[in-house]
Amino acid sequence: MPMRNVYIIADNIFSPLGKNTKANMDALLEGRSGIQKHSPGISPEPFYASLFSPPDKKADHALTAFERIVFDSAAEAIKTAGINPASPKTGFILSSTKGNIQLIEELSGEQLPGSPVSLHVSAGTVAKKLGFGNEPLVVSHACISGLLAMITGMRLIQSGVYEQLVVTGADLITEFIYSGFRSFQAISPGSCKPFDATRDGISLGEAAATVVLSSEKKPGAIQISGGSVSNDANHISGPSRTGEELWLAISRALKQANKNPGDIDFISAHGTATRYNDEMEAKAIHLSSMEKIPVNSLKGYYGHTLGAAGILESIVTIHSMKKNIIIPTMGFSVPGTERAVNVVRELQQVNQRSCLKTASGFGGCNAAAVFEKTDI
């Protein structure tokens, strides 16, 4: 039996830049960033991040603030796709790095956290409210979580387990999360500058993003035609110094998609704006013989949205493909990697047929996926 094709038939981005994908794309085209200076709170000093306003992450009696943004994003995408969540061939995947971690911060004394802190409990709560009949799946694998969830969904549909999958990634920035990155001295004192010579760390961001994957092609759908993951086992937080392992994920994704490096028209990089991540990605792009292909990072608009990043940035990529544009890399001015790559500085009109999305994360994990136009 031939392997099934997998298509992205609907999506939603719920972020500080807008509550749907169109609003987000409009903001990007206008050059607006969600990153702003915030007063001390989760940080002991003023800090820069892309955060929701309080009404957008308000909990209710049934859902926590985290679960609410997951629900809102997924519900909008399901409505757009016109699918039935209760179908036995429809599944739900939740991607997150920390989920309801804020519930631990709210405890006092020696209290133990309740079950909602567990990601599978959150996934079950949201899935039930959305009307899913199948037990949901959880993907939590550092900062490749979102892209890995999409690759996992692709494989489940290809194998015939599901015909449709709703994949949602989300994270909210809490004191716990901020202090963790701060302890690594990985937070930029201003807005992040991916791939720039003066880059000095990440900006964090909040978001929820959803794609609906299907074995059934719809007009205008983008195919996810290849995906792979790897691990460099270099360090708990520091990436590979050679880029070979990300190159391995890229090469395997291309092979599955039956593409050569020269077939790729655009690369949506992870581009966190830390010294080591951007250096590693540039080396991996060179090892892949793709150094002349246009590259961008969206972190200057959204910050690093953790479990949402891979999905959110994939959605922007597929809508950029449909419009034949490449969003510029906000914060980039002077090339700052040892191996030069073609970082996009201004909005470009580029005819696109196939694009590559990459992601990397703590623990040495890497992921790559290939997206392809089907209506040409």
# chains A, B, ... in the order shown; residues from 1 in each chain; ligands from 1
call {"tool": "closest_atom_pairs", "arguments": {"of": "range 252-280 of chain A", "to": "range 135-156 of chain A", "cutoff": "12 Å", "atoms": "only C-alpha atoms", "output": "tab-separated table"}}
result
residue	atom	partner	partner_atom	distance
A:Ala253	CA	A:Ile151	CA	10.0
A:Gln256	CA	A:Arg155	CA	11.5
A:Ser268	CA	A:Leu147	CA	11.8
A:Ala269	CA	A:Ile144	CA	11.8
A:His270	CA	A:Ile144	CA	9.1
A:Gly271	CA	A:Cys143	CA	11.7
A:Thr272	CA	A:Cys143	CA	10.3
A:Asn277	CA	A:Cys143	CA	11.9
call {"tool": "select_by_dssp", "arguments": {"residues": "range 232-320 of chain A", "states": "strand (DSSP E or B)", "output": "ChimeraX atom specification"}}
result
/A:266-268,295-296,304
call {"tool": "closest_atom_pairs", "arguments": {"of": "range 98-141 of chain A", "to": "range 79-92 of chain A", "cutoff": "10 Å", "atoms": "only C-alpha atoms", "output": "Markdown table"}}
result
| residue | atom | partner | partner_atom | distance |
| --- | --- | --- | --- | --- |
| A:Ala123 | CA | A:Phe92 | CA | 8.4 |
| A:Gly124 | CA | A:Phe92 | CA | 9.5 |
| A:Val126 | CA | A:Phe92 | CA | 9.6 |
| A:Ala127 | CA | A:Phe92 | CA | 7.0 |
| A:Lys128 | CA | A:Ala86 | CA | 9.6 |
| A:Leu130 | CA | A:Pro85 | CA | 7.2 |
| A:Gly131 | CA | A:Pro85 | CA | 5.6 |
| A:Phe132 | CA | A:Pro85 | CA | 4.6 |
| A:Gly133 | CA | A:Ala86 | CA | 4.7 |
| A:Asn134 | CA | A:Gly91 | CA | 6.0 |
| A:Glu135 | CA | A:Gly91 | CA | 7.6 |
| A:Pro136 | CA | A:Phe92 | CA | 5.0 |
| A:Leu137 | CA | A:Phe92 | CA | 6.4 |
| A:Val138 | CA | A:Phe92 | CA | 8.7 |
call {"tool": "residues_around", "arguments": {"residues": "Ala368 in chain A", "least_positions_apart": "3", "cutoff": "8 Å", "atoms": "only C-alpha atoms", "output": "PyMOL selection string"}}
result
chain A and resi 147+227-229+246+249-250+253+356-359
call {"tool": "write_last_selection", "arguments": {"atoms": "all heavy atoms", "output": "CSV table (one decimal), in the first residue's frame"}}
result
chain,number,residue,atom,x,y,z
A,147,LEU,N,7.2,21.2,16.4
A,147,LEU,CA,7.6,20.6,15.1
A,147,LEU,C,7.5,19.1,15.2
A,147,LEU,O,7.1,18.4,14.3
A,147,LEU,CB,8.9,21.1,14.6
A,147,LEU,CG,9.2,20.8,13.1
A,147,LEU,CD1,8.2,21.4,12.2
A,147,LEU,CD2,10.6,21.4,12.8
A,227,GLY,N,9.8,14.6,7.3
A,227,GLY,CA,10.1,15.1,8.6
A,227,GLY,C,11.1,14.2,9.3
A,227,GLY,O,11.0,12.9,9.1
A,228,SER,N,12.0,14.7,10.1
A,228,SER,CA,13.0,13.9,10.8
A,228,SER,C,13.4,14.6,12.1
A,228,SER,O,13.4,15.8,12.2
A,228,SER,CB,14.2,13.5,9.9
A,228,SER,OG,15.1,12.7,10.6
A,229,VAL,N,13.9,13.8,13.1
A,229,VAL,CA,14.5,14.3,14.3
A,229,VAL,C,15.8,13.6,14.5
A,229,VAL,O,16.1,12.6,14.0
A,229,VAL,CB,13.5,14.1,15.5
A,229,VAL,CG1,12.2,14.8,15.3
A,229,VAL,CG2,13.3,12.6,15.7
A,246,LEU,N,21.9,18.4,13.4
A,246,LEU,CA,20.8,19.1,12.7
A,246,LEU,C,20.8,18.8,11.2
A,246,LEU,O,19.8,18.6,10.5
A,246,LEU,CB,20.8,20.6,12.9
A,246,LEU,CG,19.7,21.4,12.2
A,246,LEU,CD1,18.3,20.9,12.5
A,246,LEU,CD2,19.9,22.9,12.6
A,249,ALA,N,19.1,15.6,10.5
A,249,ALA,CA,17.7,15.7,10.5
A,249,ALA,C,17.2,16.3,9.2
A,249,ALA,O,16.2,15.9,8.6
A,249,ALA,CB,17.2,16.5,11.7
A,250,ILE,N,17.9,17.3,8.7
A,250,ILE,CA,17.6,18.0,7.5
A,250,ILE,C,17.7,17.0,6.3
A,250,ILE,O,16.8,16.9,5.5
A,250,ILE,CB,18.5,19.2,7.3
A,250,ILE,CG1,18.1,20.3,8.3
A,250,ILE,CG2,18.3,19.8,5.8
A,250,ILE,CD1,19.1,21.5,8.3
A,253,ALA,N,14.9,14.4,6.3
A,253,ALA,CA,13.6,15.0,6.0
A,253,ALA,C,13.6,15.3,4.5
A,253,ALA,O,12.5,15.0,3.8
A,253,ALA,CB,13.4,16.4,6.7
A,356,LEU,N,11.7,24.5,4.0
A,356,LEU,CA,12.2,23.7,5.1
A,356,LEU,C,12.0,24.5,6.4
A,356,LEU,O,12.3,25.7,6.5
A,356,LEU,CB,13.7,23.5,4.9
A,356,LEU,CG,14.5,22.7,6.0
A,356,LEU,CD1,14.1,21.3,6.0
A,356,LEU,CD2,16.0,22.9,5.8
A,357,LYS,N,11.5,23.8,7.4
A,357,LYS,CA,11.5,24.3,8.8
A,357,LYS,C,12.4,23.5,9.7
A,357,LYS,O,12.4,22.3,9.7
A,357,LYS,CB,10.0,24.3,9.3
A,357,LYS,CG,9.9,24.7,10.7
A,357,LYS,CD,9.9,26.2,10.9
A,357,LYS,CE,10.0,26.6,12.4
A,357,LYS,NZ,11.4,27.0,12.7
A,358,THR,N,13.2,24.2,10.5
A,358,THR,CA,14.1,23.6,11.5
A,358,THR,C,13.8,24.0,12.9
A,358,THR,O,13.2,25.1,13.1
A,358,THR,CB,15.5,23.9,11.1
A,358,THR,OG1,15.8,25.3,11.2
A,358,THR,CG2,15.9,23.4,9.8
A,359,ALA,N,14.2,23.2,13.8
A,359,ALA,CA,14.0,23.5,15.3
A,359,ALA,C,15.1,22.8,16.0
A,359,ALA,O,15.5,21.7,15.6
A,359,ALA,CB,12.6,23.2,15.8
call {"tool": "closest_atom_pairs", "arguments": {"of": "range 217-317 of chain A", "to": "range 164-187 of chain A", "cutoff": "12 Å", "atoms": "only C-alpha atoms", "output": "tab-separated table"}}
result
residue	atom	partner	partner_atom	distance
A:Lys217	CA	A:Gln164	CA	11.1
A:Ile236	CA	A:Phe184	CA	11.0
A:Ser237	CA	A:Phe184	CA	8.4
A:Gly238	CA	A:Phe184	CA	10.0
A:Thr272	CA	A:Ala186	CA	9.8
A:Ala273	CA	A:Ala186	CA	9.2
A:Thr274	CA	A:Ala186	CA	6.8
A:Arg275	CA	A:Ala186	CA	9.2
A:Tyr276	CA	A:Ala186	CA	10.4
A:Asn277	CA	A:Ala186	CA	10.9
A:Gly303	CA	A:Ile187	CA	10.7
A:His304	CA	A:Asp171	CA	9.9
A:Thr305	CA	A:Asp171	CA	6.5
A:Leu306	CA	A:Asp171	CA	6.4
A:Gly307	CA	A:Gly169	CA	5.3
A:Ala308	CA	A:Gly169	CA	4.1
A:Ala309	CA	A:Gly169	CA	7.6
A:Gly310	CA	A:Gly169	CA	8.1
A:Ile311	CA	A:Gly169	CA	6.5
A:Leu312	CA	A:Gly169	CA	8.0
A:Glu313	CA	A:Gly169	CA	11.1
A:Ser314	CA	A:Gly169	CA	11.5
A:Ile315	CA	A:Thr168	CA	11.5
call {"tool": "decode", "arguments": {"residues": "range 136-266 of chain A", "atoms": "C-alpha atoms", "output": "short mmCIF file (atom, residue, chain, number, x, y, z; two decimals), in the first residue's frame"}}
result
data_model
loop_
_atom_site.label_atom_id
_atom_site.label_comp_id
_atom_site.auth_asym_id
_atom_site.auth_seq_id
_atom_site.Cartn_x
_atom_site.Cartn_y
_atom_site.Cartn_z
CA PRO A 136 -5.22 12.67 23.22
CA LEU A 137 -1.47 12.40 22.80
CA VAL A 138 1.17 14.65 24.39
CA VAL A 139 4.51 15.69 22.87
CA SER A 140 6.87 17.46 25.25
CA HIS A 141 10.43 17.49 23.95
CA ALA A 142 12.02 20.82 24.79
CA CYS A 143 11.85 23.46 22.06
CA ILE A 144 11.32 21.05 19.16
CA SER A 145 8.01 19.98 20.75
CA GLY A 146 5.76 21.76 18.24
CA LEU A 147 7.56 20.61 15.11
CA LEU A 148 7.97 17.10 16.52
CA ALA A 149 4.22 17.00 17.24
CA MET A 150 3.55 17.84 13.59
CA ILE A 151 5.99 15.16 12.41
CA THR A 152 4.37 12.66 14.80
CA GLY A 153 0.96 13.58 13.41
CA MET A 154 2.24 13.12 9.87
CA ARG A 155 3.50 9.64 10.70
CA LEU A 156 0.26 8.61 12.43
CA ILE A 157 -1.77 9.59 9.36
CA GLN A 158 0.71 7.97 6.98
CA SER A 159 0.41 4.72 8.95
CA GLY A 160 -3.39 4.81 8.84
CA VAL A 161 -3.96 5.24 12.59
CA TYR A 162 -5.81 8.52 11.96
CA GLU A 163 -7.29 10.30 8.96
CA GLN A 164 -7.20 13.70 10.64
CA LEU A 165 -5.22 15.17 13.54
CA VAL A 166 -5.53 18.47 15.36
CA VAL A 167 -2.09 19.48 16.64
CA THR A 168 -1.87 22.37 19.10
CA GLY A 169 1.23 23.81 20.76
CA ALA A 170 1.13 26.33 23.60
CA ASP A 171 3.06 27.82 26.50
CA LEU A 172 2.67 30.73 28.90
CA ILE A 173 5.71 32.42 30.41
CA THR A 174 5.86 32.08 34.19
CA GLU A 175 8.37 33.01 36.85
CA PHE A 176 9.61 29.41 36.85
CA ILE A 177 10.28 29.47 33.09
CA TYR A 178 11.83 32.93 33.07
CA SER A 179 14.13 32.18 36.01
CA GLY A 180 15.31 28.98 34.30
CA PHE A 181 16.46 30.76 31.16
CA ARG A 182 17.85 33.61 33.27
CA SER A 183 19.98 31.15 35.24
CA PHE A 184 21.61 30.11 31.95
CA GLN A 185 22.28 33.79 31.23
CA ALA A 186 20.33 33.22 28.01
CA ILE A 187 17.92 36.17 28.22
CA SER A 188 18.62 39.26 26.12
CA PRO A 189 18.39 42.58 28.01
CA GLY A 190 16.50 43.96 24.98
CA SER A 191 14.67 42.52 21.99
CA CYS A 192 16.43 39.50 20.50
CA LYS A 193 18.56 39.76 17.33
CA PRO A 194 18.66 36.41 15.49
CA PHE A 195 21.86 35.70 13.53
CA ASP A 196 23.15 39.23 14.19
CA ALA A 197 26.73 40.00 15.24
CA THR A 198 25.43 41.71 18.41
CA ARG A 199 22.95 38.98 19.41
CA ASP A 200 22.99 38.40 23.16
CA GLY A 201 20.20 35.98 23.99
CA ILE A 202 16.55 35.15 23.61
CA SER A 203 13.32 37.02 24.22
CA LEU A 204 10.52 34.81 25.56
CA GLY A 205 6.99 34.78 24.20
CA GLU A 206 3.51 33.40 24.81
CA ALA A 207 1.30 31.82 22.15
CA ALA A 208 -0.92 28.95 21.12
CA ALA A 209 -0.91 27.62 17.56
CA THR A 210 -2.83 24.84 15.82
CA VAL A 211 -2.66 22.94 12.55
CA VAL A 212 -5.20 20.43 11.28
CA LEU A 213 -3.52 17.58 9.39
CA SER A 214 -5.49 15.39 7.00
CA SER A 215 -5.07 12.58 4.50
CA GLU A 216 -7.66 14.35 2.36
CA LYS A 217 -6.37 17.09 0.11
CA LYS A 218 -8.30 20.36 -0.03
CA PRO A 219 -7.77 23.25 -2.46
CA GLY A 220 -4.78 25.34 -1.43
CA ALA A 221 -3.56 22.82 1.12
CA ILE A 222 0.17 22.56 1.81
CA GLN A 223 1.65 19.08 2.09
CA ILE A 224 4.02 18.11 4.87
CA SER A 225 6.10 15.74 2.78
CA GLY A 226 9.04 14.91 5.03
CA GLY A 227 10.15 15.13 8.63
CA SER A 228 12.95 13.86 10.83
CA VAL A 229 14.48 14.30 14.29
CA SER A 230 17.96 13.78 15.72
CA ASN A 231 19.92 14.31 18.92
CA ASP A 232 23.52 15.44 19.35
CA ALA A 233 23.90 14.46 23.05
CA ASN A 234 26.35 17.35 23.38
CA HIS A 235 25.17 19.08 26.55
CA ILE A 236 22.04 19.57 28.67
CA SER A 237 21.58 23.09 27.29
CA GLY A 238 24.38 23.77 24.78
CA PRO A 239 23.87 22.63 21.17
CA SER A 240 26.32 20.77 18.98
CA ARG A 241 29.39 22.78 17.99
CA THR A 242 29.46 21.25 14.50
CA GLY A 243 25.84 21.29 13.33
CA GLU A 244 26.18 17.72 12.06
CA GLU A 245 23.17 16.41 13.94
CA LEU A 246 20.77 19.09 12.68
CA TRP A 247 22.22 18.43 9.22
CA LEU A 248 21.30 14.76 9.72
CA ALA A 249 17.67 15.68 10.51
CA ILE A 250 17.58 18.01 7.49
CA SER A 251 19.04 15.42 5.11
CA ARG A 252 16.63 12.70 6.27
CA ALA A 253 13.64 15.04 5.97
CA LEU A 254 14.71 15.94 2.42
CA LYS A 255 15.15 12.29 1.53
CA GLN A 256 11.68 11.40 2.78
CA ALA A 257 10.24 14.30 0.79
CA ASN A 258 12.21 13.17 -2.27
CA LYS A 259 13.91 16.58 -2.46
CA ASN A 260 17.45 17.78 -3.07
CA PRO A 261 18.89 20.81 -1.21
CA GLY A 262 18.52 22.87 -4.39
CA ASP A 263 14.76 22.18 -4.45
CA ILE A 264 14.24 24.22 -1.27
CA ASP A 265 13.23 27.84 -1.85
CA PHE A 266 13.28 29.11 1.73
#
